[in-house]
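**Q** Data: data34.pdb, PDB, C-alpha atoms and all ligand atoms.
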```pdb
MODEL        1
ATOM      1  CA  MET U  11      10.492 -21.655 161.296  1.00  0.00           C
ATOM      2  CA  SER U  12       6.879 -21.008 160.209  1.00  0.00           C
ATOM      3  CA  ASP U  13       3.960 -22.435 162.170  1.00  0.00           C
ATOM      4  CA  TYR U  14       3.270 -24.830 159.297  1.00  0.00           C
ATOM      5  CA  SER U  15       6.899 -26.076 159.346  1.00  0.00           C
ATOM      6  CA  LYS U  16       6.595 -26.790 163.054  1.00  0.00           C
ATOM      7  CA  LEU U  17       3.295 -28.610 162.559  1.00  0.00           C
ATOM      8  CA  ARG U  18       4.810 -30.608 159.682  1.00  0.00           C
ATOM      9  CA  GLU U  19       7.834 -31.585 161.769  1.00  0.00           C
ATOM     10  CA  ARG U  20       5.528 -32.723 164.575  1.00  0.00           C
ATOM     11  CA  MET U  21       3.367 -34.671 162.113  1.00  0.00           C
ATOM     12  CA  VAL U  22       6.418 -36.547 160.809  1.00  0.00           C
ATOM     13  CA  LYS U  23       7.615 -37.351 164.309  1.00  0.00           C
ATOM     14  CA  ARG U  24       4.273 -38.451 165.787  1.00  0.00           C
ATOM     15  CA  GLN U  25       2.114 -39.677 162.931  1.00  0.00           C
ATOM     16  CA  ILE U  26       4.708 -41.054 160.508  1.00  0.00           C
ATOM     17  CA  ALA U  27       7.952 -42.078 162.269  1.00  0.00           C
ATOM     18  CA  GLY U  28       5.926 -42.737 165.444  1.00  0.00           C
ATOM     19  CA  ARG U  29       3.886 -45.365 163.573  1.00  0.00           C
ATOM     20  CA  GLY U  30       6.920 -47.151 162.183  1.00  0.00           C
ATOM     21  CA  VAL U  31       7.767 -45.588 158.810  1.00  0.00           C
ATOM     22  CA  ARG U  32      11.571 -45.854 158.670  1.00  0.00           C
ATOM     23  CA  SER U  33      12.619 -44.875 155.126  1.00  0.00           C
ATOM     24  CA  ALA U  34      14.775 -41.741 155.410  1.00  0.00           C
ATOM     25  CA  LEU U  35      13.764 -40.770 151.856  1.00  0.00           C
ATOM     26  CA  VAL U  36      10.072 -40.934 152.738  1.00  0.00           C
ATOM     27  CA  LEU U  37      10.486 -39.103 156.059  1.00  0.00           C
ATOM     28  CA  ASP U  38      12.470 -36.333 154.320  1.00  0.00           C
ATOM     29  CA  ALA U  39       9.849 -36.051 151.585  1.00  0.00           C
ATOM     30  CA  MET U  40       7.066 -35.756 154.186  1.00  0.00           C
ATOM     31  CA  ARG U  41       9.104 -32.991 155.905  1.00  0.00           C
ATOM     32  CA  LYS U  42       9.341 -31.020 152.657  1.00  0.00           C
ATOM     33  CA  VAL U  43       5.880 -31.056 151.060  1.00  0.00           C
ATOM     34  CA  PRO U  44       3.537 -28.281 152.312  1.00  0.00           C
ATOM     35  CA  ARG U  45       0.252 -30.207 152.710  1.00  0.00           C
ATOM     36  CA  GLU U  46      -1.566 -26.928 153.459  1.00  0.00           C
ATOM     37  CA  ARG U  47      -1.080 -25.873 149.803  1.00  0.00           C
ATOM     38  CA  PHE U  48      -3.082 -28.881 148.550  1.00  0.00           C
ATOM     39  CA  LEU U  49      -6.224 -28.102 150.561  1.00  0.00           C
ATOM     40  CA  PRO U  50      -9.193 -25.949 149.518  1.00  0.00           C
ATOM     41  CA  ARG U  51      -9.018 -22.278 150.532  1.00  0.00           C
ATOM     42  CA  GLY U  52      -9.484 -21.751 154.268  1.00  0.00           C
ATOM     43  CA  GLN U  53      -8.755 -25.407 155.144  1.00  0.00           C
ATOM     44  CA  GLY U  54      -4.985 -25.057 155.623  1.00  0.00           C
ATOM     45  CA  VAL U  55      -5.415 -24.948 159.385  1.00  0.00           C
ATOM     46  CA  PHE U  56      -6.379 -28.666 159.284  1.00  0.00           C
ATOM     47  CA  ALA U  57      -3.417 -29.652 157.073  1.00  0.00           C
ATOM     48  CA  TYR U  58      -1.486 -31.547 159.727  1.00  0.00           C
ATOM     49  CA  ASP U  59      -4.451 -33.348 161.284  1.00  0.00           C
ATOM     50  CA  ASP U  60      -4.045 -37.100 161.466  1.00  0.00           C
ATOM     51  CA  SER U  61      -6.835 -37.754 158.939  1.00  0.00           C
ATOM     52  CA  PRO U  62      -8.025 -37.606 155.334  1.00  0.00           C
ATOM     53  CA  LEU U  63      -9.761 -34.315 154.452  1.00  0.00           C
ATOM     54  CA  PRO U  64     -12.354 -33.286 151.825  1.00  0.00           C
ATOM     55  CA  ILE U  65     -10.982 -31.662 148.644  1.00  0.00           C
ATOM     56  CA  GLY U  66     -14.283 -31.251 146.724  1.00  0.00           C
ATOM     57  CA  ASP U  67     -16.175 -33.424 144.210  1.00  0.00           C
ATOM     58  CA  GLY U  68     -16.781 -35.951 147.027  1.00  0.00           C
ATOM     59  CA  GLN U  69     -13.068 -36.836 147.093  1.00  0.00           C
ATOM     60  CA  THR U  70     -10.371 -36.661 149.776  1.00  0.00           C
ATOM     61  CA  ILE U  71      -6.685 -35.982 150.338  1.00  0.00           C
ATOM     62  CA  SER U  72      -5.376 -39.134 152.052  1.00  0.00           C
ATOM     63  CA  GLN U  73      -4.220 -39.282 155.682  1.00  0.00           C
ATOM     64  CA  PRO U  74      -0.504 -38.314 155.817  1.00  0.00           C
ATOM     65  CA  TYR U  75       0.459 -41.652 157.403  1.00  0.00           C
ATOM     66  CA  ILE U  76      -1.156 -43.615 154.559  1.00  0.00           C
ATOM     67  CA  VAL U  77       0.650 -41.497 151.949  1.00  0.00           C
ATOM     68  CA  ALA U  78       3.975 -42.157 153.696  1.00  0.00           C
ATOM     69  CA  TYR U  79       3.244 -45.861 154.255  1.00  0.00           C
ATOM     70  CA  MET U  80       2.298 -46.438 150.606  1.00  0.00           C
ATOM     71  CA  ALA U  81       5.404 -44.570 149.428  1.00  0.00           C
ATOM     72  CA  GLU U  82       7.559 -46.702 151.732  1.00  0.00           C
ATOM     73  CA  CYS U  83       5.967 -49.875 150.358  1.00  0.00           C
ATOM     74  CA  LEU U  84       7.344 -49.022 146.896  1.00  0.00           C
ATOM     75  CA  ALA U  85      10.897 -49.311 148.381  1.00  0.00           C
ATOM     76  CA  LEU U  86      12.178 -46.466 146.211  1.00  0.00           C
ATOM     77  CA  GLU U  87      15.858 -45.583 146.384  1.00  0.00           C
ATOM     78  CA  GLY U  88      15.688 -42.349 144.361  1.00  0.00           C
ATOM     79  CA  GLY U  89      15.667 -41.667 140.631  1.00  0.00           C
ATOM     80  CA  GLU U  90      12.799 -43.997 139.648  1.00  0.00           C
ATOM     81  CA  LYS U  91       9.804 -43.616 137.335  1.00  0.00           C
ATOM     82  CA  VAL U  92       6.518 -43.867 139.260  1.00  0.00           C
ATOM     83  CA  LEU U  93       2.850 -43.916 138.257  1.00  0.00           C
ATOM     84  CA  GLU U  94       0.091 -42.779 140.619  1.00  0.00           C
ATOM     85  CA  ILE U  95      -3.608 -43.417 140.006  1.00  0.00           C
ATOM     86  CA  GLY U  96      -5.927 -40.941 141.757  1.00  0.00           C
ATOM     87  CA  THR U  97      -4.106 -37.578 141.771  1.00  0.00           C
ATOM     88  CA  GLY U  98      -6.805 -35.948 143.926  1.00  0.00           C
ATOM     89  CA  SER U  99      -5.164 -32.827 145.383  1.00  0.00           C
ATOM     90  CA  GLY U 100      -1.702 -33.744 144.042  1.00  0.00           C
ATOM     91  CA  TYR U 101      -0.209 -34.103 147.541  1.00  0.00           C
ATOM     92  CA  ALA U 102       0.896 -37.743 147.271  1.00  0.00           C
ATOM     93  CA  ALA U 103       2.315 -37.044 143.795  1.00  0.00           C
ATOM     94  CA  ALA U 104       4.451 -34.266 145.319  1.00  0.00           C
ATOM     95  CA  VAL U 105       5.688 -36.611 148.067  1.00  0.00           C
ATOM     96  CA  LEU U 106       6.636 -39.220 145.448  1.00  0.00           C
ATOM     97  CA  ALA U 107       8.273 -36.522 143.296  1.00  0.00           C
ATOM     98  CA  GLU U 108      10.633 -35.670 146.167  1.00  0.00           C
ATOM     99  CA  ILE U 109      12.039 -39.209 145.832  1.00  0.00           C
ATOM    100  CA  ALA U 110      11.487 -40.422 142.265  1.00  0.00           C
ATOM    101  CA  ALA U 111      12.908 -38.846 139.098  1.00  0.00           C
ATOM    102  CA  GLU U 112       9.545 -38.671 137.293  1.00  0.00           C
ATOM    103  CA  VAL U 113       5.977 -39.084 138.535  1.00  0.00           C
ATOM    104  CA  TYR U 114       3.053 -39.690 136.172  1.00  0.00           C
ATOM    105  CA  THR U 115      -0.328 -39.223 137.837  1.00  0.00           C
ATOM    106  CA  ILE U 116      -3.859 -39.738 136.517  1.00  0.00           C
ATOM    107  CA  GLU U 117      -7.115 -38.276 137.885  1.00  0.00           C
ATOM    108  CA  ARG U 118     -10.564 -39.033 136.455  1.00  0.00           C
ATOM    109  CA  ILE U 119     -12.209 -35.774 137.625  1.00  0.00           C
ATOM    110  CA  GLU U 120     -11.179 -32.897 135.349  1.00  0.00           C
ATOM    111  CA  GLY U 121     -11.574 -30.130 137.980  1.00  0.00           C
ATOM    112  CA  LEU U 122      -9.306 -31.948 140.447  1.00  0.00           C
ATOM    113  CA  ALA U 123      -6.690 -32.692 137.776  1.00  0.00           C
ATOM    114  CA  THR U 124      -6.639 -29.006 136.750  1.00  0.00           C
ATOM    115  CA  MET U 125      -6.343 -27.798 140.342  1.00  0.00           C
ATOM    116  CA  ALA U 126      -3.614 -30.327 141.206  1.00  0.00           C
ATOM    117  CA  ARG U 127      -1.627 -29.344 138.111  1.00  0.00           C
ATOM    118  CA  LYS U 128      -1.858 -25.677 139.140  1.00  0.00           C
ATOM    119  CA  VAL U 129      -0.683 -26.307 142.712  1.00  0.00           C
ATOM    120  CA  LEU U 130       2.152 -28.627 141.617  1.00  0.00           C
ATOM    121  CA  ASP U 131       3.318 -26.097 138.993  1.00  0.00           C
ATOM    122  CA  GLY U 132       3.166 -23.328 141.596  1.00  0.00           C
ATOM    123  CA  LEU U 133       5.432 -25.336 143.885  1.00  0.00           C
ATOM    124  CA  GLY U 134       7.875 -26.051 141.053  1.00  0.00           C
ATOM    125  CA  TYR U 135       7.278 -29.810 140.671  1.00  0.00           C
ATOM    126  CA  THR U 136       8.399 -29.983 137.038  1.00  0.00           C
ATOM    127  CA  ASN U 137       8.869 -33.764 137.368  1.00  0.00           C
ATOM    128  CA  VAL U 138       5.140 -34.415 137.961  1.00  0.00           C
ATOM    129  CA  HIS U 139       2.997 -35.037 134.880  1.00  0.00           C
ATOM    130  CA  VAL U 140      -0.788 -34.877 135.411  1.00  0.00           C
ATOM    131  CA  ARG U 141      -3.318 -36.424 133.046  1.00  0.00           C
ATOM    132  CA  CYS U 142      -7.120 -36.558 133.247  1.00  0.00           C
ATOM    133  CA  GLY U 143      -8.540 -39.995 132.416  1.00  0.00           C
ATOM    134  CA  ASP U 144      -9.209 -43.528 133.601  1.00  0.00           C
ATOM    135  CA  GLY U 145      -6.135 -44.575 135.575  1.00  0.00           C
ATOM    136  CA  THR U 146      -7.159 -48.250 135.659  1.00  0.00           C
ATOM    137  CA  LEU U 147      -5.785 -48.371 132.109  1.00  0.00           C
ATOM    138  CA  GLY U 148      -2.488 -46.847 133.222  1.00  0.00           C
ATOM    139  CA  TRP U 149      -0.284 -44.555 131.138  1.00  0.00           C
ATOM    140  CA  PRO U 150       1.040 -46.991 128.518  1.00  0.00           C
ATOM    141  CA  GLU U 151       3.209 -44.505 126.559  1.00  0.00           C
ATOM    142  CA  GLU U 152       5.458 -44.025 129.605  1.00  0.00           C
ATOM    143  CA  ALA U 153       5.459 -47.641 130.868  1.00  0.00           C
ATOM    144  CA  PRO U 154       7.175 -49.588 132.351  1.00  0.00           C
ATOM    145  CA  TYR U 155       7.296 -48.181 135.889  1.00  0.00           C
ATOM    146  CA  ASP U 156       9.458 -48.997 138.927  1.00  0.00           C
ATOM    147  CA  GLY U 157       6.454 -48.351 141.153  1.00  0.00           C
ATOM    148  CA  ILE U 158       2.699 -47.821 140.837  1.00  0.00           C
ATOM    149  CA  VAL U 159       0.511 -46.437 143.639  1.00  0.00           C
ATOM    150  CA  VAL U 160      -3.269 -46.552 143.405  1.00  0.00           C
ATOM    151  CA  SER U 161      -4.914 -44.062 145.790  1.00  0.00           C
ATOM    152  CA  ALA U 162      -8.486 -45.400 145.387  1.00  0.00           C
ATOM    153  CA  GLY U 163      -9.993 -48.792 146.223  1.00  0.00           C
ATOM    154  CA  GLY U 164     -10.877 -51.271 143.487  1.00  0.00           C
ATOM    155  CA  PRO U 165     -12.608 -54.680 143.384  1.00  0.00           C
ATOM    156  CA  ASP U 166      -9.502 -56.377 141.951  1.00  0.00           C
ATOM    157  CA  VAL U 167      -5.941 -55.608 140.852  1.00  0.00           C
ATOM    158  CA  PRO U 168      -6.183 -54.113 137.331  1.00  0.00           C
ATOM    159  CA  ASP U 169      -4.340 -56.479 134.996  1.00  0.00           C
ATOM    160  CA  THR U 170      -3.257 -53.593 132.788  1.00  0.00           C
ATOM    161  CA  LEU U 171      -1.458 -51.908 135.690  1.00  0.00           C
ATOM    162  CA  LYS U 172       0.361 -55.144 136.654  1.00  0.00           C
ATOM    163  CA  HIS U 173       1.681 -55.365 133.123  1.00  0.00           C
ATOM    164  CA  GLN U 174       2.958 -51.759 133.182  1.00  0.00           C
ATOM    165  CA  LEU U 175       5.436 -52.667 135.963  1.00  0.00           C
ATOM    166  CA  LYS U 176       9.114 -53.290 135.272  1.00  0.00           C
ATOM    167  CA  THR U 177      10.395 -56.667 136.391  1.00  0.00           C
ATOM    168  CA  GLY U 178      11.179 -56.074 140.080  1.00  0.00           C
ATOM    169  CA  GLY U 179       8.652 -53.205 140.207  1.00  0.00           C
ATOM    170  CA  ARG U 180       5.952 -52.896 142.882  1.00  0.00           C
ATOM    171  CA  LEU U 181       2.267 -51.965 142.727  1.00  0.00           C
ATOM    172  CA  VAL U 182       0.452 -50.862 145.901  1.00  0.00           C
ATOM    173  CA  ILE U 183      -3.362 -50.818 145.768  1.00  0.00           C
ATOM    174  CA  PRO U 184      -6.381 -51.041 148.115  1.00  0.00           C
ATOM    175  CA  ILE U 185      -8.601 -53.995 147.120  1.00  0.00           C
ATOM    176  CA  GLY U 186     -11.962 -54.988 148.579  1.00  0.00           C
ATOM    177  CA  THR U 187     -15.307 -56.482 147.672  1.00  0.00           C
ATOM    178  CA  SER U 188     -16.998 -53.609 149.552  1.00  0.00           C
ATOM    179  CA  LYS U 189     -16.551 -50.064 148.231  1.00  0.00           C
ATOM    180  CA  ALA U 190     -16.010 -48.790 151.792  1.00  0.00           C
ATOM    181  CA  TYR U 191     -13.296 -51.086 153.208  1.00  0.00           C
ATOM    182  CA  GLN U 192     -10.269 -52.576 151.553  1.00  0.00           C
ATOM    183  CA  GLU U 193      -7.040 -54.427 152.206  1.00  0.00           C
ATOM    184  CA  LEU U 194      -3.893 -52.699 151.009  1.00  0.00           C
ATOM    185  CA  ILE U 195      -2.077 -55.124 148.703  1.00  0.00           C
ATOM    186  CA  ARG U 196       1.441 -55.082 147.280  1.00  0.00           C
ATOM    187  CA  VAL U 197       2.056 -56.863 143.969  1.00  0.00           C
ATOM    188  CA  THR U 198       5.694 -57.382 142.923  1.00  0.00           C
ATOM    189  CA  ARG U 199       6.504 -58.372 139.350  1.00  0.00           C
ATOM    190  CA  VAL U 200       9.212 -60.933 140.072  1.00  0.00           C
ATOM    191  CA  ALA U 201       9.522 -62.079 136.424  1.00  0.00           C
ATOM    192  CA  GLU U 202       7.814 -61.358 133.090  1.00  0.00           C
ATOM    193  CA  ASP U 203       4.818 -63.580 133.953  1.00  0.00           C
ATOM    194  CA  ASP U 204       5.258 -64.016 137.698  1.00  0.00           C
ATOM    195  CA  PHE U 205       3.588 -61.702 140.236  1.00  0.00           C
ATOM    196  CA  GLN U 206       3.831 -62.049 144.043  1.00  0.00           C
ATOM    197  CA  THR U 207       1.081 -60.608 146.234  1.00  0.00           C
ATOM    198  CA  GLU U 208       1.262 -59.546 149.899  1.00  0.00           C
ATOM    199  CA  ASP U 209      -1.500 -58.256 152.205  1.00  0.00           C
ATOM    200  CA  LEU U 210      -0.324 -55.172 154.104  1.00  0.00           C
ATOM    201  CA  LEU U 211      -3.025 -53.285 156.034  1.00  0.00           C
ATOM    202  CA  SER U 212      -6.778 -52.685 156.368  1.00  0.00           C
ATOM    203  CA  VAL U 213      -7.705 -49.312 154.871  1.00  0.00           C
ATOM    204  CA  ARG U 214     -10.629 -47.110 153.731  1.00  0.00           C
ATOM    205  CA  PHE U 215     -10.357 -45.391 150.370  1.00  0.00           C
ATOM    206  CA  VAL U 216     -12.830 -43.756 147.989  1.00  0.00           C
ATOM    207  CA  PRO U 217     -13.748 -46.070 145.078  1.00  0.00           C
ATOM    208  CA  LEU U 218     -11.558 -46.625 142.031  1.00  0.00           C
ATOM    209  CA  VAL U 219     -14.031 -45.991 139.206  1.00  0.00           C
ATOM    210  CA  GLY U 220     -13.118 -47.152 135.721  1.00  0.00           C
ATOM    211  CA  GLU U 221     -12.885 -49.892 133.136  1.00  0.00           C
ATOM    212  CA  GLU U 222     -10.816 -52.144 135.446  1.00  0.00           C
ATOM    213  CA  GLY U 223     -12.329 -50.758 138.671  1.00  0.00           C
ATOM    214  CA  TRP U 224     -15.903 -50.211 139.919  1.00  0.00           C
ATOM    215  CA  SER U 225     -18.407 -49.319 137.221  1.00  0.00           C
ATOM    216  CA  GLN U 226     -19.981 -46.471 139.230  1.00  0.00           C
ATOM    217  CA  GLU U 227     -19.130 -44.432 142.283  1.00  0.00           C
ATOM    218  CA  TYR U 228     -22.320 -45.127 144.272  1.00  0.00           C
TER     219      TYR U 228
HETATM  220  N1  LIG U 301      -3.575 -39.080 146.181  1.00  0.00           N
HETATM  221  C1  LIG U 301      -4.578 -38.075 146.453  1.00  0.00           C
HETATM  222  C2  LIG U 301      -4.024 -36.908 147.219  1.00  0.00           C
HETATM  223  O1  LIG U 301      -2.854 -36.934 147.607  1.00  0.00           O
HETATM  224  O2  LIG U 301      -4.782 -35.943 147.402  1.00  0.00           O
HETATM  225  C3  LIG U 301      -5.794 -38.635 147.131  1.00  0.00           C
HETATM  226  C4  LIG U 301      -6.594 -39.440 146.206  1.00  0.00           C
HETATM  227  S1  LIG U 301      -8.284 -39.642 146.591  1.00  0.00           S
HETATM  228  C5  LIG U 301      -8.224 -40.648 148.033  1.00  0.00           C
HETATM  229  C6  LIG U 301      -8.682 -40.778 145.273  1.00  0.00           C
HETATM  230  C7  LIG U 301      -8.780 -40.113 143.920  1.00  0.00           C
HETATM  231  O3  LIG U 301      -8.877 -41.152 142.945  1.00  0.00           O
HETATM  232  C8  LIG U 301     -10.006 -39.254 143.739  1.00  0.00           C
HETATM  233  O4  LIG U 301      -9.633 -37.955 143.394  1.00  0.00           O
HETATM  234  C9  LIG U 301     -10.782 -39.941 142.602  1.00  0.00           C
HETATM  235  O5  LIG U 301     -11.453 -39.045 141.746  1.00  0.00           O
HETATM  236  C10 LIG U 301      -9.660 -40.664 141.893  1.00  0.00           C
HETATM  237  N2  LIG U 301     -10.052 -41.799 141.047  1.00  0.00           N
HETATM  238  C11 LIG U 301     -10.985 -42.751 141.270  1.00  0.00           C
HETATM  239  N3  LIG U 301     -11.018 -43.627 140.241  1.00  0.00           N
HETATM  240  C12 LIG U 301     -10.070 -43.213 139.361  1.00  0.00           C
HETATM  241  C13 LIG U 301      -9.602 -43.703 138.096  1.00  0.00           C
HETATM  242  N4  LIG U 301     -10.110 -44.788 137.514  1.00  0.00           N
HETATM  243  N5  LIG U 301      -8.604 -43.025 137.479  1.00  0.00           N
HETATM  244  C14 LIG U 301      -8.074 -41.914 138.026  1.00  0.00           C
HETATM  245  N6  LIG U 301      -8.471 -41.400 139.212  1.00  0.00           N
HETATM  246  C15 LIG U 301      -9.449 -42.048 139.864  1.00  0.00           C
ENDMDL
END
```
When written as C-alpha cells, how does the structure in this file appear?
Ligand code: SAM

**A**
Amino acid sequence: MSDYSKLRERMVKRQIAGRGVRSALVLDAMRKVPRERFLPRGQGVFAYDDSPLPIGDGQTISQPYIVAYMAECLALEGGEKVLEIGTGSGYAAAVLAEIAAEVYTIERIEGLATMARKVLDGLGYTNVHVRCGDGTLGWPEEAPYDGIVVSAGGPDVPDTLKHQLKTGGRLVIPIGTSKAYQELIRVTRVAEDDFQTEDLLSVRFVPLVGEEGWSQEY
C-alpha cells in the first residue's frame, strides 16, 4: 500500500466516516479518488489534510468531508446523471463519477477547466464531461439531472438549476447573503412545480459568480 493510500484510508476513517457519513457508495468513492493528483505541483503532501486547499486563480479544492457530505446529500444509488457547478480541480467530479453513470461539470475559469479536464482524462474518468462557462445557467442540453451539486456559494438558489432537476432529483447548494458564509441547502423537486427546501449545515465557500449568482467576485 502506498503512503498516499494509507493517508486516504485514514482520512476516510477519521474525517469522513468519523463525522457521520454513512453511504457505502460515498465512502468507497472517497477511498478510490487520489486527491493528491488534483493539487498543484508540490502540494500533494497536503492532500489528506482536513481542509480546503488553494488550487490557483484564487480558488480552492473543497475539504474532503464537505465533498463527501454533499455527495451523500444527493442520495445517489449508482447509475445516475449528475451536474456539478464549480469544477475547480475536478476532485469532487471524480468522486461523483465513481458513483454516478455520467457527470457534467462546469467551471467559469478557463485555466481551471483545462487543468481539471487533463487530470480527469489522465485518471481515465471518461464519464466526466467538463465545460467552461457560467454554471448558474446549468447545462440544458443534458438536463434533466438526478442530482445537482453547486460547489460555490450564491445569494439565492438559481431558478434555472431547479428546473433542470428530474422530479425526485436533489440540488445541494451553499446560499448566503454574505459572500463569506453560507448555509448548505438541499432542494428536492417533489413534483413538476413543487420544490422542498431543507437547511443542512453552515459552510464557507468561494462565491458563485454568474448571471444567477453574484455579479462579481469581490
Ligand atoms: N469542486 C471543486 C473541487 O473539487 O476542486 C472545488 C470548487 S471551488 C470551491 C468553486 C469553484 O466554482 C471555483 O473554481 C470557481 O471558479 C467556480 N465557480 C464560481 N462561480 C461559477 C459559475 N457561475 N460557474 C461555474 N463555476 C463557477

**Q** Quick one: which chain U residues come within 8 Å of ligand LIG 301 (chain U), and what is the nearest atom pair for each with the distance in Å to one decimal, counting all atoms listed in the file, rows ordered by chain and ascending number, as CSV?

**A**
```
residue,atom,partner,partner_atom,distance
U:Phe48,CA,U:LIG301,O2,7.4
U:Pro62,CA,U:LIG301,C5,7.9
U:Ile65,CA,U:LIG301,O2,7.6
U:Asp67,CA,U:LIG301,O5,7.7
U:Gln69,CA,U:LIG301,C8,5.1
U:Thr70,CA,U:LIG301,S1,4.8
U:Ile71,CA,U:LIG301,O2,3.5
U:Ser72,CA,U:LIG301,C3,5.0
U:Val77,CA,U:LIG301,O1,7.2
U:Glu94,CA,U:LIG301,N1,7.6
U:Ile95,CA,U:LIG301,C14,5.1
U:Gly96,CA,U:LIG301,O3,3.2
U:Thr97,CA,U:LIG301,N1,4.7
U:Gly98,CA,U:LIG301,O4,3.5
U:Ser99,CA,U:LIG301,O2,3.7
U:Gly100,CA,U:LIG301,O1,4.9
U:Tyr101,CA,U:LIG301,O1,3.9
U:Ala102,CA,U:LIG301,O1,3.9
U:Ala103,CA,U:LIG301,O1,6.4
U:Ile116,CA,U:LIG301,C14,5.0
U:Glu117,CA,U:LIG301,N6,3.7
U:Arg118,CA,U:LIG301,C14,4.1
U:Ile119,CA,U:LIG301,O5,5.3
U:Leu122,CA,U:LIG301,O4,6.7
U:Cys142,CA,U:LIG301,C14,7.2
U:Gly143,CA,U:LIG301,N5,5.9
U:Asp144,CA,U:LIG301,N5,4.0
U:Gly145,CA,U:LIG301,N5,3.5
U:Thr146,CA,U:LIG301,N4,4.9
U:Leu147,CA,U:LIG301,N4,7.8
U:Val160,CA,U:LIG301,O3,7.8
U:Ser161,CA,U:LIG301,C4,4.9
U:Ala162,CA,U:LIG301,C6,4.6
U:Gly163,CA,U:LIG301,C11,7.9
U:Phe215,CA,U:LIG301,C5,5.7
U:Val216,CA,U:LIG301,C5,5.6
U:Pro217,CA,U:LIG301,C11,5.8
U:Leu218,CA,U:LIG301,N3,3.5
U:Val219,CA,U:LIG301,N3,4.0
U:Gly220,CA,U:LIG301,N4,4.2
U:Glu221,CA,U:LIG301,N4,7.3
U:Glu222,CA,U:LIG301,N4,7.7
U:Gly223,CA,U:LIG301,N4,6.5
```

**Q** Under the PyMOL selection byres (((chain U and resi 34-41) around 9) and not hetatm), which residues of this model are included? Write them out as a ChimeraX atom specification.

**A** /U:15,18-19,21-23,26-27,31-33,42-45,74,77-79,81-82,86-88,104-109

**Q** Take the residues just selected and output them with C-alpha atoms as a PDB file, in the frame of the given file.

**A**
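Output (out_23.pdb):
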```
ATOM      1  CA  SER U  15       6.899 -26.076 159.346  1.00  0.00           C
ATOM      2  CA  ARG U  18       4.810 -30.608 159.682  1.00  0.00           C
ATOM      3  CA  GLU U  19       7.834 -31.585 161.769  1.00  0.00           C
ATOM      4  CA  MET U  21       3.367 -34.671 162.113  1.00  0.00           C
ATOM      5  CA  VAL U  22       6.418 -36.547 160.809  1.00  0.00           C
ATOM      6  CA  LYS U  23       7.615 -37.351 164.309  1.00  0.00           C
ATOM      7  CA  ILE U  26       4.708 -41.054 160.508  1.00  0.00           C
ATOM      8  CA  ALA U  27       7.952 -42.078 162.269  1.00  0.00           C
ATOM      9  CA  VAL U  31       7.767 -45.588 158.810  1.00  0.00           C
ATOM     10  CA  ARG U  32      11.571 -45.854 158.670  1.00  0.00           C
ATOM     11  CA  SER U  33      12.619 -44.875 155.126  1.00  0.00           C
ATOM     12  CA  LYS U  42       9.341 -31.020 152.657  1.00  0.00           C
ATOM     13  CA  VAL U  43       5.880 -31.056 151.060  1.00  0.00           C
ATOM     14  CA  PRO U  44       3.537 -28.281 152.312  1.00  0.00           C
ATOM     15  CA  ARG U  45       0.252 -30.207 152.710  1.00  0.00           C
ATOM     16  CA  PRO U  74      -0.504 -38.314 155.817  1.00  0.00           C
ATOM     17  CA  VAL U  77       0.650 -41.497 151.949  1.00  0.00           C
ATOM     18  CA  ALA U  78       3.975 -42.157 153.696  1.00  0.00           C
ATOM     19  CA  TYR U  79       3.244 -45.861 154.255  1.00  0.00           C
ATOM     20  CA  ALA U  81       5.404 -44.570 149.428  1.00  0.00           C
ATOM     21  CA  GLU U  82       7.559 -46.702 151.732  1.00  0.00           C
ATOM     22  CA  LEU U  86      12.178 -46.466 146.211  1.00  0.00           C
ATOM     23  CA  GLU U  87      15.858 -45.583 146.384  1.00  0.00           C
ATOM     24  CA  GLY U  88      15.688 -42.349 144.361  1.00  0.00           C
ATOM     25  CA  ALA U 104       4.451 -34.266 145.319  1.00  0.00           C
ATOM     26  CA  VAL U 105       5.688 -36.611 148.067  1.00  0.00           C
ATOM     27  CA  LEU U 106       6.636 -39.220 145.448  1.00  0.00           C
ATOM     28  CA  ALA U 107       8.273 -36.522 143.296  1.00  0.00           C
ATOM     29  CA  GLU U 108      10.633 -35.670 146.167  1.00  0.00           C
ATOM     30  CA  ILE U 109      12.039 -39.209 145.832  1.00  0.00           C
TER      31      ILE U 109
END
```

**Q** Distance CA of Ala111 in chain U-CA of Gly66 in chain U, one decimal place?

**A** 29.2 Å

**Q** Find the distance between CA of Asp204 in chain U and CA of Lys91 in chain U and write it in Å to one decimal.

**A**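 Atom-to-atom, CA of Asp204 in chain U to CA of Lys91 in chain U, that is 20.9 Å.
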
**Q** Let me make sure I understand: among U:Arg199, U:Arg51, U:Lys189, U:His173, which one has the smallest atom-to-atom distance to Trp224 in chain U if we use only C-alpha atoms?

**A**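 Under the stated criterion, the closest residue is U:Lys189.
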
**Q** What does the distance from CA of Ser61 in chain U to CA of Gln25 in chain U come to in Å, to one decimal?

**A** 10.0 Å

**Q** U:Pro154, U:Gly148, U:Gly164, U:Val182: which is nearest Leu210 in chain U, counting all atoms listed in the file?

**A**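 Residue with the minimum atom-to-atom distance to Leu210 in chain U: U:Val182.
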
**Q** May I ask which of the residues U:Ile185, U:Val159, U:Leu130, U:Ala201 is the closest one to Leu93 in chain U, counting all atoms listed in the file?

**A**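 Answer, going by the shortest atom-to-atom distance: U:Val159.
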
**Q** Between U:Arg214, U:Lys172, U:Arg20, U:Arg180, which has the minimum distance to Ala85 in chain U (counting all atoms listed in the file)?

**A**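 Answer, going by the shortest atom-to-atom distance: U:Arg180.
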
**Q** Which of these residues is nearest to Ala123 in chain U, using all atoms listed in the file: U:Arg24, U:Arg196, U:Lys16, U:His139?

**A**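 Answer, going by the shortest atom-to-atom distance: U:His139.
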
**Q** The centre and edge lengths of an axis-aligned box containing all atoms of range 186-192 of chain U present in the file, extended by 4 Å on each side, are to be given in Å to one decimal, as JSON.

**A**
```
{"center_x": -13.6, "center_y": -52.6, "center_z": 150.4, "size_x": 14.7, "size_y": 15.7, "size_z": 13.5}
```

**Q** Restricting the calculation to all atoms listed in the file: of U:Val140, U:Ala57, U:Ala110, U:Ala153, which residue gets closest to Gly89 in chain U?

**A** U:Ala110
